[in-house]
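Visitor: Can you read through this structure? Questions will come right after.
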Amino acid sequence: MTEQRQWGGRFSGDMDALTREYTAGADRTLFAHDIAGSVAHARMLGRQGIIPAEDADAIVTGLGEVLSDWLAGHVEWRPELEDVHTHVETLLRAKIGDAAGRLHTARSRNDQVALLNRMLVREACDDAIDALTRLVLVFCDLGGRHAGDAMPGYTHVQRAQPVTLGHHLLAYGEMFLRDRDRFRDCRRRTNVMPLGSGALAGSPYPLDRESVAVELGFEGVSRNSMDATADRDFIAEFLFCCSTTQMHLSRIAEEVVLWASAEFGFVGLPDGFATGSSMMPQKKNADVAELARGRTGRVFGELINVLVMQKGLPLAYNRDLQEDKAAVIAGRDACLPSVEIFAAMLPALEFRLPRMRAAAGESFSLATDVADYLVKKGVPFRDAHMVVGGIVRECEARGCGLHELSLEDYQRAHPFFGPDILGLDVESALAARDLPGGTAPNRVRAAATALRAALEE
Ligand code: ARG
């Protein structure tokens with residue numbers, strides 16, 4: 001045997017350099033995870049009398065030294081050693097000699113890598129939960145602060161009805177709270193300990209799987225060794241969580257881009273979160289928002305990647321599954337920094353409240369309220385809708401807004417209009433939506449408080 005391959009016994013020839021390169025995975029960043037799993041496994045083997053206690057102790061001590069070397073940057077990555085599991089074992093052998101050969105008792109790289117994947121996703125979920133919690137808090141703050149500030153609400157990017165800026169922002173707060181909770185669910189399903197599954201069929205040794213699970217912070221142990229080594233649905237789920245988060249970010253990103261345009265003029269971009277043009281001196285661009293929107297493709301791509309990677313795979317482990325770690329890392333590294341930068345950028349946006357307030361009352365945004373006025377006087381909604389449609393048509397012909405109409409104009413359209421119709425304005429329209437989930441300022445304030453409470457659950 002000319003190479004240090006763990007499985008070299010039945011091989012007489014070397015691995016082709018191309019094969020070595022082609023089969024290399026993205027597991028280097030899981031070095032410390034591999035050691036943590038190996039330490040727990042070795043301790044359990046020693047406790048159960050499966051390997052001599054002195055060997056277990058030597059393995060645990062040696063692994064500690066290997067970890068210190070790694071953290072100090074003293075480990076040179078050797079491609080001929082294949083993957084992180086074989087690296088750790090080879091380095092351990094250099095420290096403690098033949099006792100290292102007992103570490104892999106009752107273990108396969110298939111359950112070992114399943115363990116690492118679950119540790120990786122669990123940590124990524126924790127980071128996502130933290131980042132999203134911070135982001136939702138930003139929306140609670142902004143939502144409460146702007147609970148009474150009017151802006152146009154849109155459907156089809158056409159002005160529709162007035163809302164408050166707080167209400168608009170808290171809509172995102174709700175979305176990101178659900179995103180956070182999805183990561184929590186994902187973490188729960190991920191947090192199952194697969195060691196003891198062996199390559200696929202379980203293990204003939206008297207393992208104490210529960211104690212390994214406890215030591216490594218898992219909620220329980222897997223019930224089926226083939227499932228545990230062959231399935232990566234928790235990775236697809238993690239990437240779906242990233243995908244919905246990134247999708248939501250891309251929506252608010254789009255709004256930041258639009259709102260920062262001269263056409264909207266609803267926000268000023270803070271210098272710290274904007275970029276300029278190399279040619280046009282006046283430019284200030286919302287590149288942060290554009291990149292968050294742009295990276296959506298990467299995140300969705302990784303979700304599709306791991307779904308397709310698993311499609312049609314017969315049980316149990318297949319090497320295709322090695323593609324999973326790069327997908328988790330890529331999805332995580334696109335999504336989490338996007339969450340973090342939005343949590344930093346949003347509070348720094350300069351909301352142009354007078355401009356928003358002015359726009360809120362334009363474009364016949366109170367037409368629905370005029371129809372509702374008639375409904376309150378007993379007119380069926382469909383008829384009221386028709387009447388107000390006629391009023392809008394007439395205003396358009398005259399080039400005026402609803403607020404410029406006289407009582408006589410209104411009464412010509414319908415005799416039920418009284419002088420109080422002239423008191424209808426943005427503020428009264430907002431205040432009227434005084435029900436749970438509505439945009440009345442007091443309700444928006446309450447919604448901000450309720451969102452903060454939901455965050456703490
Ligand atoms: N590096 C592999 C992975 O990430 C784990 C090793 C299992 N390899 C094997 N040939 N059974 O999935």
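Following the order of the structure tokens, first chain is A, next is B, and so on, with residues numbered from 1 inside each chain and ligands from 1 in the order they appear.
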Please find the residues contacting ligand 1 at a distance of at most 7 Å between atoms, with only C-alpha atoms and all ligand atoms counted, and report them as a PyMOL selection string.

Guide: chain A and resi 25+27+83+109-110+113+317+319+321-322

Visitor: With N, CA and C atoms retained, write the just-selected residues as an mmCIF file, in the first residue's frame.

Guide:
data_model
loop_
_atom_site.group_PDB
_atom_site.id
_atom_site.type_symbol
_atom_site.label_atom_id
_atom_site.label_comp_id
_atom_site.auth_asym_id
_atom_site.auth_seq_id
_atom_site.Cartn_x
_atom_site.Cartn_y
_atom_site.Cartn_z
ATOM 1 N N GLY A 25 -14.314 16.530 -0.912
ATOM 2 C CA GLY A 25 -15.542 17.203 -0.462
ATOM 3 C C GLY A 25 -15.246 18.527 0.212
ATOM 4 N N ASP A 27 -15.604 19.357 3.473
ATOM 5 C CA ASP A 27 -15.849 19.092 4.893
ATOM 6 C C ASP A 27 -14.757 19.628 5.810
ATOM 7 N N ASP A 83 -10.755 12.856 3.294
ATOM 8 C CA ASP A 83 -11.763 13.733 3.896
ATOM 9 C C ASP A 83 -11.414 14.053 5.345
ATOM 10 N N ARG A 109 -17.877 5.982 8.227
ATOM 11 C CA ARG A 109 -17.915 7.388 7.846
ATOM 12 C C ARG A 109 -19.337 7.812 7.466
ATOM 13 N N ASN A 110 -20.171 6.810 7.195
ATOM 14 C CA ASN A 110 -21.534 7.177 6.802
ATOM 15 C C ASN A 110 -22.345 7.714 7.978
ATOM 16 N N VAL A 113 -20.481 11.081 9.068
ATOM 17 C CA VAL A 113 -20.754 12.295 8.296
ATOM 18 C C VAL A 113 -22.195 12.754 8.528
ATOM 19 N N TYR A 317 -26.624 4.835 1.906
ATOM 20 C CA TYR A 317 -25.687 5.896 1.530
ATOM 21 C C TYR A 317 -25.219 5.755 0.081
ATOM 22 N N ARG A 319 -22.573 8.156 -2.632
ATOM 23 C CA ARG A 319 -21.593 9.248 -2.559
ATOM 24 C C ARG A 319 -22.181 10.581 -3.009
ATOM 25 N N LEU A 321 -24.409 12.013 -1.836
ATOM 26 C CA LEU A 321 -24.780 12.779 -0.634
ATOM 27 C C LEU A 321 -23.669 13.706 -0.156
ATOM 28 N N GLN A 322 -22.465 13.446 -0.574
ATOM 29 C CA GLN A 322 -21.357 14.299 -0.156
ATOM 30 C C GLN A 322 -21.547 15.748 -0.608
#

Visitor: Taking 3 positions as the minimum chain separation for residues in the same chain, which residues sit within 10 Å of His87 (chain A) when counting only C-alpha atoms? Answer as a ChimeraX atom specification.

Guide: /A:28,31,34,66,75-84,90-93

Visitor: Would you mind exporting the chosen residues as an mmCIF file, in the first residue's frame, restricted to C-alpha atoms?

Guide:
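So again.cif came out as:
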data_model
loop_
_atom_site.group_PDB
_atom_site.id
_atom_site.type_symbol
_atom_site.label_atom_id
_atom_site.label_comp_id
_atom_site.auth_asym_id
_atom_site.auth_seq_id
_atom_site.Cartn_x
_atom_site.Cartn_y
_atom_site.Cartn_z
ATOM 1 C CA ARG A 28 -12.687 20.861 6.028
ATOM 2 C CA PHE A 31 -12.766 19.525 11.609
ATOM 3 C CA ASP A 34 -15.502 15.642 13.719
ATOM 4 C CA VAL A 66 -5.112 17.380 17.245
ATOM 5 C CA VAL A 75 -2.463 21.212 10.373
ATOM 6 C CA GLU A 76 -1.536 20.946 6.738
ATOM 7 C CA TRP A 77 -4.375 19.653 4.581
ATOM 8 C CA ARG A 78 -3.277 16.592 2.632
ATOM 9 C CA PRO A 79 -5.552 15.757 -0.288
ATOM 10 C CA GLU A 80 -4.343 12.153 -0.367
ATOM 11 C CA LEU A 81 -6.073 11.685 3.015
ATOM 12 C CA GLU A 82 -9.471 12.139 1.358
ATOM 13 C CA ASP A 83 -11.763 13.733 3.896
ATOM 14 C CA VAL A 84 -11.965 15.267 7.339
ATOM 15 C CA THR A 90 -4.292 9.974 10.657
ATOM 16 C CA LEU A 91 -3.248 12.920 12.811
ATOM 17 C CA LEU A 92 -4.383 11.026 15.887
ATOM 18 C CA ARG A 93 -2.246 8.054 14.926
#

Visitor: Apply DSSP to the structure's backbone, then extract all residues of region 157-259 of chain A labelled alpha helix (DSSP H) and return them as a PyMOL selection string.

Guide: chain A and resi 165-190+209-215+225-230+233-259

Visitor: What's the 7 Å shell around region 340-356 of chain A, counting only C-alpha atoms, without same-chain residues fewer than 4 positions away, as a short mmCIF file (atom, residue, chain, number, x, y, z; two decimals) with C-alpha atoms, in the first residue's frame?

Guide:
data_model
loop_
_atom_site.label_atom_id
_atom_site.label_comp_id
_atom_site.auth_asym_id
_atom_site.auth_seq_id
_atom_site.Cartn_x
_atom_site.Cartn_y
_atom_site.Cartn_z
CA ALA A 131 -30.02 36.84 13.37
CA ARG A 134 -32.47 40.68 15.92
CA LEU A 135 -34.12 41.54 12.61
CA VAL A 138 -35.76 46.06 14.41
CA ASP A 149 -47.13 57.80 10.05
CA ALA A 150 -49.24 57.55 6.92
CA MET A 151 -48.03 56.22 3.61
CA PRO A 152 -49.72 54.87 0.50
CA PHE A 266 -39.72 57.67 0.41
CA VAL A 267 -36.32 56.93 1.92
CA GLY A 268 -32.85 58.40 1.95
CA LEU A 269 -30.10 55.81 1.91
CA PRO A 270 -27.62 56.09 4.74
CA PHE A 273 -25.16 51.32 3.33
CA LEU A 336 -27.33 34.88 7.13
CA ALA A 360 -50.96 58.65 0.96
#

Visitor: Between CA of Gly389 (chain A) and CA of Leu402 (chain A), what is the spacing in Å?

Guide: 11.5 Å

Visitor: Determine the nearest neighbour of Arg188 (chain A) from the options A:Cys125, A:Leu430, A:Leu116, A:Val339, counting only C-alpha atoms.

Guide: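 Residue with the minimum atom-to-atom distance to Arg188 (chain A): A:Cys125.
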
Visitor: Considering only C-alpha atoms, return as a short mmCIF file (atom, residue, chain, number, x, y, z; two decimals) with N, CA, C and O atoms, in the first residue's frame whatever protein or nucleic-acid residues lie within 12 Å of Val444 (chain A), sequence-local ones (same chain, fewer than 2 positions apart) excluded.

Guide:
data_model
loop_
_atom_site.label_atom_id
_atom_site.label_comp_id
_atom_site.auth_asym_id
_atom_site.auth_seq_id
_atom_site.Cartn_x
_atom_site.Cartn_y
_atom_site.Cartn_z
N PHE A 139 -37.88 45.48 13.39
CA PHE A 139 -39.23 45.79 12.89
C PHE A 139 -40.17 46.18 14.02
O PHE A 139 -41.03 47.05 13.85
N CYS A 140 -40.01 45.57 15.19
CA CYS A 140 -40.83 45.97 16.35
C CYS A 140 -40.58 47.43 16.68
O CYS A 140 -41.52 48.21 16.89
N ASP A 141 -39.30 47.80 16.72
CA ASP A 141 -38.95 49.19 17.04
C ASP A 141 -39.51 50.16 15.99
O ASP A 141 -40.19 51.13 16.32
N LEU A 142 -39.21 49.87 14.73
CA LEU A 142 -39.63 50.78 13.66
C LEU A 142 -41.15 50.81 13.55
O LEU A 142 -41.75 51.87 13.32
N GLY A 143 -41.77 49.65 13.73
CA GLY A 143 -43.23 49.56 13.62
C GLY A 143 -43.89 50.41 14.68
O GLY A 143 -44.85 51.14 14.41
N GLY A 144 -43.39 50.32 15.92
CA GLY A 144 -43.95 51.11 17.00
C GLY A 144 -43.72 52.60 16.77
O GLY A 144 -44.62 53.42 16.92
N ARG A 145 -42.51 52.93 16.32
CA ARG A 145 -42.17 54.34 16.12
C ARG A 145 -43.01 54.98 15.02
O ARG A 145 -43.37 56.15 15.10
N HIS A 146 -43.31 54.21 13.99
CA HIS A 146 -44.03 54.78 12.85
C HIS A 146 -45.49 54.32 12.78
O HIS A 146 -46.09 54.31 11.71
N ALA A 147 -46.02 53.96 13.95
CA ALA A 147 -47.39 53.45 13.99
C ALA A 147 -48.41 54.46 13.47
O ALA A 147 -49.47 54.08 12.98
N GLY A 148 -48.10 55.75 13.57
CA GLY A 148 -49.07 56.76 13.16
C GLY A 148 -48.67 57.50 11.90
O GLY A 148 -49.33 58.47 11.52
N ASP A 149 -47.60 57.07 11.23
CA ASP A 149 -47.13 57.80 10.05
C ASP A 149 -47.74 57.21 8.78
O ASP A 149 -47.48 56.05 8.45
N ALA A 150 -48.51 58.05 8.09
CA ALA A 150 -49.24 57.55 6.92
C ALA A 150 -48.35 57.39 5.70
O ALA A 150 -47.39 58.14 5.50
N VAL A 163 -52.06 53.34 4.43
CA VAL A 163 -51.69 52.49 5.57
C VAL A 163 -50.72 53.32 6.40
O VAL A 163 -50.39 54.45 6.02
N THR A 164 -50.25 52.76 7.49
CA THR A 164 -49.16 53.46 8.18
C THR A 164 -47.85 52.76 7.85
O THR A 164 -47.82 51.55 7.56
N LEU A 165 -46.79 53.54 7.90
CA LEU A 165 -45.46 52.97 7.66
C LEU A 165 -45.19 51.85 8.67
O LEU A 165 -44.63 50.81 8.32
N GLY A 166 -45.63 52.07 9.89
CA GLY A 166 -45.46 51.03 10.91
C GLY A 166 -46.14 49.73 10.51
O GLY A 166 -45.59 48.64 10.67
N HIS A 167 -47.33 49.85 9.96
CA HIS A 167 -48.09 48.66 9.55
C HIS A 167 -47.35 47.93 8.43
O HIS A 167 -47.22 46.70 8.44
N HIS A 168 -46.88 48.72 7.47
CA HIS A 168 -46.14 48.15 6.34
C HIS A 168 -44.89 47.41 6.84
O HIS A 168 -44.63 46.27 6.46
N LEU A 169 -44.15 48.05 7.73
CA LEU A 169 -42.92 47.42 8.21
C LEU A 169 -43.22 46.19 9.07
O LEU A 169 -42.51 45.18 9.00
N LEU A 170 -44.26 46.27 9.87
CA LEU A 170 -44.59 45.12 10.73
C LEU A 170 -45.05 43.91 9.92
O LEU A 170 -44.97 42.78 10.40
N ALA A 171 -45.53 44.16 8.70
CA ALA A 171 -45.85 43.01 7.83
C ALA A 171 -44.59 42.16 7.65
O ALA A 171 -44.62 40.92 7.73
N GLY A 173 -42.06 42.18 9.73
CA GLY A 173 -41.76 41.60 11.04
C GLY A 173 -42.44 40.26 11.22
O GLY A 173 -41.84 39.29 11.71
N LEU A 430 -57.39 55.96 8.29
CA LEU A 430 -56.51 55.06 9.06
C LEU A 430 -57.17 54.68 10.38
O LEU A 430 -57.23 53.50 10.75
N ALA A 431 -57.69 55.70 11.07
CA ALA A 431 -58.27 55.46 12.41
C ALA A 431 -59.45 54.50 12.32
O ALA A 431 -59.74 53.77 13.27
N ARG A 433 -59.75 51.86 10.64
CA ARG A 433 -59.39 50.44 10.53
C ARG A 433 -58.93 49.90 11.89
O ARG A 433 -57.84 49.36 12.04
N ASP A 434 -59.84 50.08 12.81
CA ASP A 434 -59.54 49.83 14.22
C ASP A 434 -60.04 48.44 14.61
O ASP A 434 -61.05 48.29 15.30
N LEU A 435 -59.37 47.44 14.11
CA LEU A 435 -59.69 46.06 14.48
C LEU A 435 -58.38 45.28 14.52
O LEU A 435 -57.37 45.76 14.00
N PRO A 436 -58.38 44.13 15.14
CA PRO A 436 -57.11 43.38 15.21
C PRO A 436 -56.58 43.14 13.81
O PRO A 436 -57.32 42.70 12.92
N GLY A 437 -55.30 43.44 13.60
CA GLY A 437 -54.71 43.26 12.28
C GLY A 437 -54.85 44.47 11.38
O GLY A 437 -54.34 44.47 10.26
N GLY A 438 -55.56 45.50 11.84
CA GLY A 438 -55.80 46.67 11.01
C GLY A 438 -54.71 47.72 11.15
O GLY A 438 -53.84 47.63 12.01
N THR A 439 -54.80 48.75 10.29
CA THR A 439 -53.73 49.74 10.23
C THR A 439 -53.99 50.99 11.08
O THR A 439 -53.23 51.95 11.01
N ALA A 440 -55.06 51.01 11.87
CA ALA A 440 -55.27 52.14 12.79
C ALA A 440 -54.05 52.25 13.71
O ALA A 440 -53.56 51.23 14.20
N PRO A 441 -53.56 53.48 13.92
CA PRO A 441 -52.32 53.63 14.70
C PRO A 441 -52.32 52.89 16.02
O PRO A 441 -51.31 52.28 16.39
N ASN A 442 -53.44 52.92 16.76
CA ASN A 442 -53.43 52.21 18.05
C ASN A 442 -53.28 50.71 17.85
O ASN A 442 -52.62 50.02 18.64
N ALA A 446 -50.19 48.26 19.09
CA ALA A 446 -50.45 47.00 19.80
C ALA A 446 -49.81 45.83 19.07
O ALA A 446 -49.28 44.90 19.70
N ALA A 447 -49.83 45.88 17.74
CA ALA A 447 -49.25 44.78 16.96
C ALA A 447 -47.74 44.72 17.16
O ALA A 447 -47.14 43.63 17.21
N ALA A 448 -47.12 45.88 17.29
CA ALA A 448 -45.66 45.91 17.54
C ALA A 448 -45.36 45.27 18.88
O ALA A 448 -44.42 44.48 19.02
N THR A 449 -46.17 45.57 19.86
CA THR A 449 -45.98 44.98 21.20
C THR A 449 -46.22 43.48 21.15
O THR A 449 -45.47 42.69 21.75
N ALA A 450 -47.26 43.08 20.44
CA ALA A 450 -47.60 41.65 20.37
C ALA A 450 -46.50 40.88 19.62
O ALA A 450 -46.17 39.74 19.99
N LEU A 451 -45.94 41.51 18.61
CA LEU A 451 -44.86 40.83 17.86
C LEU A 451 -43.64 40.63 18.76
O LEU A 451 -43.02 39.56 18.75
#

Visitor: Compare A:Gly101, A:Gly217, A:Gly62, A:Gly423 by their minimum atom-to-atom distance to Ser406 (chain A), counting only C-alpha atoms, and give me the closest one.

Guide: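 With only C-alpha atoms as the atom set, the closest residue is A:Gly423.
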
Visitor: Could you check which of A:Ala53, A:Asp227, A:Ala253, A:Leu177 is closest to Val288 (chain A), using only C-alpha atoms?

Guide: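 Smallest separation from Val288 (chain A) among the options: A:Ala253.
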
Visitor: I'd like the interatomic distance between CA of Leu258 (chain A) and CA of Pro281 (chain A), to a tenth of an Å.

Guide: 20.4 Å

Visitor: Using only C-alpha atoms, find each residue of region 48-150 of chain A with at least one atom at most 12 Å away from an atom of region 242-248 of chain A; report its shortest atom-to-atom pair and that distance in Å (one decimal), sort the rows by chain and rising residue number, and return the result as CSV.

Guide:
residue,atom,partner,partner_atom,distance
A:Val121,CA,A:Cys242,CA,11.4
A:Ala124,CA,A:Cys242,CA,10.1
A:Cys125,CA,A:Cys242,CA,9.4
A:Asp127,CA,A:Cys242,CA,11.6
A:Ala128,CA,A:Cys242,CA,8.5
A:Ile129,CA,A:Cys242,CA,11.0
A:Ala131,CA,A:Thr245,CA,11.1
A:Leu132,CA,A:Thr245,CA,8.9
A:Leu135,CA,A:Thr245,CA,11.2
A:Val136,CA,A:Thr245,CA,11.9

Visitor: Can I get the selected residues back with all heavy atoms, as a PDB file, in the first residue's frame?

Guide:
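What landed in again35.pdb:
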ATOM      1  N   VAL A 121     -25.891  21.773  10.550  1.00  0.00           N
ATOM      2  CA  VAL A 121     -27.198  22.399  10.306  1.00  0.00           C
ATOM      3  C   VAL A 121     -27.774  22.962  11.613  1.00  0.00           C
ATOM      4  O   VAL A 121     -28.365  24.041  11.626  1.00  0.00           O
ATOM      5  CB  VAL A 121     -28.164  21.396   9.638  1.00  0.00           C
ATOM      6  CG1 VAL A 121     -29.577  21.948   9.565  1.00  0.00           C
ATOM      7  CG2 VAL A 121     -27.658  21.062   8.239  1.00  0.00           C
ATOM      8  N   ALA A 124     -26.101  26.186  12.224  1.00  0.00           N
ATOM      9  CA  ALA A 124     -26.561  27.194  11.264  1.00  0.00           C
ATOM     10  C   ALA A 124     -27.970  27.655  11.632  1.00  0.00           C
ATOM     11  O   ALA A 124     -28.305  28.840  11.496  1.00  0.00           O
ATOM     12  CB  ALA A 124     -26.525  26.627   9.844  1.00  0.00           C
ATOM     13  N   CYS A 125     -28.803  26.719  12.113  1.00  0.00           N
ATOM     14  CA  CYS A 125     -30.149  27.099  12.573  1.00  0.00           C
ATOM     15  C   CYS A 125     -30.045  28.062  13.745  1.00  0.00           C
ATOM     16  O   CYS A 125     -30.749  29.073  13.798  1.00  0.00           O
ATOM     17  CB  CYS A 125     -30.960  25.871  13.003  1.00  0.00           C
ATOM     18  SG  CYS A 125     -31.570  24.885  11.630  1.00  0.00           S
ATOM     19  N   ASP A 127     -27.650  30.119  14.460  1.00  0.00           N
ATOM     20  CA  ASP A 127     -27.208  31.429  13.973  1.00  0.00           C
ATOM     21  C   ASP A 127     -28.354  32.156  13.261  1.00  0.00           C
ATOM     22  O   ASP A 127     -28.529  33.371  13.410  1.00  0.00           O
ATOM     23  CB  ASP A 127     -26.018  31.276  13.014  1.00  0.00           C
ATOM     24  CG  ASP A 127     -24.759  30.812  13.759  1.00  0.00           C
ATOM     25  OD1 ASP A 127     -24.729  30.903  15.004  1.00  0.00           O
ATOM     26  OD2 ASP A 127     -23.823  30.341  13.088  1.00  0.00           O
ATOM     27  N   ALA A 128     -29.123  31.397  12.495  1.00  0.00           N
ATOM     28  CA  ALA A 128     -30.248  32.011  11.775  1.00  0.00           C
ATOM     29  C   ALA A 128     -31.302  32.506  12.765  1.00  0.00           C
ATOM     30  O   ALA A 128     -31.861  33.604  12.597  1.00  0.00           O
ATOM     31  CB  ALA A 128     -30.857  31.004  10.801  1.00  0.00           C
ATOM     32  N   ILE A 129     -31.552  31.703  13.789  1.00  0.00           N
ATOM     33  CA  ILE A 129     -32.553  32.090  14.800  1.00  0.00           C
ATOM     34  C   ILE A 129     -32.117  33.388  15.488  1.00  0.00           C
ATOM     35  O   ILE A 129     -32.921  34.312  15.656  1.00  0.00           O
ATOM     36  CB  ILE A 129     -32.750  30.936  15.812  1.00  0.00           C
ATOM     37  CG1 ILE A 129     -33.460  29.759  15.131  1.00  0.00           C
ATOM     38  CG2 ILE A 129     -33.524  31.398  17.044  1.00  0.00           C
ATOM     39  CD1 ILE A 129     -33.361  28.431  15.882  1.00  0.00           C
ATOM     40  N   ALA A 131     -30.021  35.712  14.313  1.00  0.00           N
ATOM     41  CA  ALA A 131     -30.017  36.841  13.368  1.00  0.00           C
ATOM     42  C   ALA A 131     -31.448  37.299  13.085  1.00  0.00           C
ATOM     43  O   ALA A 131     -31.732  38.503  13.038  1.00  0.00           O
ATOM     44  CB  ALA A 131     -29.315  36.435  12.065  1.00  0.00           C
ATOM     45  N   LEU A 132     -32.355  36.338  12.919  1.00  0.00           N
ATOM     46  CA  LEU A 132     -33.744  36.717  12.625  1.00  0.00           C
ATOM     47  C   LEU A 132     -34.409  37.356  13.838  1.00  0.00           C
ATOM     48  O   LEU A 132     -35.240  38.248  13.694  1.00  0.00           O
ATOM     49  CB  LEU A 132     -34.537  35.500  12.140  1.00  0.00           C
ATOM     50  CG  LEU A 132     -34.241  35.134  10.677  1.00  0.00           C
ATOM     51  CD1 LEU A 132     -34.701  33.720  10.349  1.00  0.00           C
ATOM     52  CD2 LEU A 132     -34.898  36.140   9.724  1.00  0.00           C
ATOM     53  N   LEU A 135     -33.426  40.836  13.696  1.00  0.00           N
ATOM     54  CA  LEU A 135     -34.116  41.535  12.607  1.00  0.00           C
ATOM     55  C   LEU A 135     -35.566  41.845  12.995  1.00  0.00           C
ATOM     56  O   LEU A 135     -36.065  42.947  12.753  1.00  0.00           O
ATOM     57  CB  LEU A 135     -34.065  40.692  11.323  1.00  0.00           C
ATOM     58  CG  LEU A 135     -34.726  41.319  10.094  1.00  0.00           C
ATOM     59  CD1 LEU A 135     -34.034  42.629   9.697  1.00  0.00           C
ATOM     60  CD2 LEU A 135     -34.711  40.358   8.899  1.00  0.00           C
ATOM     61  N   VAL A 136     -36.240  40.887  13.601  1.00  0.00           N
ATOM     62  CA  VAL A 136     -37.639  41.120  13.981  1.00  0.00           C
ATOM     63  C   VAL A 136     -37.711  42.245  15.021  1.00  0.00           C
ATOM     64  O   VAL A 136     -38.624  43.086  14.976  1.00  0.00           O
ATOM     65  CB  VAL A 136     -38.309  39.826  14.491  1.00  0.00           C
ATOM     66  CG1 VAL A 136     -39.716  40.109  14.999  1.00  0.00           C
ATOM     67  CG2 VAL A 136     -38.363  38.780  13.382  1.00  0.00           C
TER      68      VAL A 136
END

Visitor: What separation in Å, quoted to one decimal, exists between CA of Met193 (chain A) and CA of Gly220 (chain A)?

Guide: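 Separating CA of Met193 (chain A) from CA of Gly220 (chain A) is a distance of 6.1 Å.
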
Visitor: Enumerate, in order of chain and increasing residue number, the residues of region 188-265 of chain A with an atom no farther than 8 Å from region 326-333 of chain A, each with its shortest atom pair and distance in Å to one decimal, counting only C-alpha atoms, as JSON lines.

Guide:
{"residue": "A:Ile235", "atom": "CA", "partner": "A:Val328", "partner_atom": "CA", "distance": 6.8}
{"residue": "A:Phe238", "atom": "CA", "partner": "A:Val328", "partner_atom": "CA", "distance": 7.8}
{"residue": "A:Leu239", "atom": "CA", "partner": "A:Gly331", "partner_atom": "CA", "distance": 6.4}
{"residue": "A:Cys242", "atom": "CA", "partner": "A:Gly331", "partner_atom": "CA", "distance": 6.7}

Visitor: Output all heavy atoms of each residue in that selection to a file, as a short mmCIF file (atom, residue, chain, number, x, y, z; two decimals), in the first residue's frame.

Guide:
data_model
loop_
_atom_site.label_atom_id
_atom_site.label_comp_id
_atom_site.auth_asym_id
_atom_site.auth_seq_id
_atom_site.Cartn_x
_atom_site.Cartn_y
_atom_site.Cartn_z
N ILE A 235 -31.53 18.78 5.55
CA ILE A 235 -30.74 19.78 4.82
C ILE A 235 -31.63 20.52 3.81
O ILE A 235 -31.56 21.75 3.68
CB ILE A 235 -29.53 19.12 4.14
CG1 ILE A 235 -28.54 18.70 5.24
CG2 ILE A 235 -28.87 20.06 3.13
CD1 ILE A 235 -27.25 18.11 4.75
N PHE A 238 -33.59 22.88 5.88
CA PHE A 238 -32.79 24.05 6.25
C PHE A 238 -32.71 25.03 5.07
O PHE A 238 -32.89 26.25 5.23
CB PHE A 238 -31.38 23.62 6.67
CG PHE A 238 -30.43 24.76 6.84
CD1 PHE A 238 -30.51 25.57 7.96
CD2 PHE A 238 -29.47 25.04 5.88
CE1 PHE A 238 -29.65 26.65 8.13
CE2 PHE A 238 -28.60 26.12 6.04
CZ PHE A 238 -28.69 26.92 7.15
N LEU A 239 -32.49 24.49 3.89
CA LEU A 239 -32.35 25.37 2.72
C LEU A 239 -33.68 25.98 2.31
O LEU A 239 -33.73 27.08 1.75
CB LEU A 239 -31.68 24.62 1.56
CG LEU A 239 -30.19 24.32 1.83
CD1 LEU A 239 -29.66 23.32 0.82
CD2 LEU A 239 -29.36 25.61 1.81
N CYS A 242 -33.90 28.87 4.62
CA CYS A 242 -33.08 29.95 4.06
C CYS A 242 -33.78 30.59 2.87
O CYS A 242 -33.74 31.82 2.69
CB CYS A 242 -31.72 29.42 3.60
SG CYS A 242 -30.64 28.86 4.92
#

Visitor: In region 43-260 of chain A, what's strand (DSSP E) per DSSP? Answer as a list of chain:residue names?

Guide: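 Of region 43-260 of chain A, the ones in strand (DSSP E) are A:Ala150, A:Met151, A:Pro152, A:Gly153, A:Tyr154, A:Thr155, A:Gln158, A:Arg159, A:Ala160, A:Gln161, A:Pro162, A:Val163, A:Thr164, A:Val192, A:Met193, A:Gly220, A:Val221.
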
Visitor: Which residue out of A:Glu263, A:Asp372, A:Asp111, A:Glu174 has the minimum interatomic distance to Leu200 (chain A) when only C-alpha atoms are used?

Guide: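 That would be A:Asp111, the residue with the smallest distance to Leu200 (chain A).
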
Visitor: As a PyMOL selection string, please: the residues near region 376-382 of chain A (cut-off 12 Å, only C-alpha atoms, same-chain neighbours under 2 positions excluded).

Guide: chain A and resi 368-374+384-389+414-418+420-421

Visitor: Which residues are close to region 58-61 of chain A, i.e. within 8 Å by only C-alpha atoms, leaving aside same-chain residues fewer than 4 positions away? Reply as a list in words.

Guide: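 The residues that qualify are Val39, Ala42, Arg43, Glu54, Glu65, Leu92, Ile96, Ala99, Ala100 and Leu103 of chain A.
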
Visitor: So, with only C-alpha atoms as the atoms that count, which of A:Phe218, A:Tyr205, A:Phe364, A:Trp7 lies closest to Asp425 (chain A)?

Guide: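 The answer is A:Phe364, which sits nearest to Asp425 (chain A).
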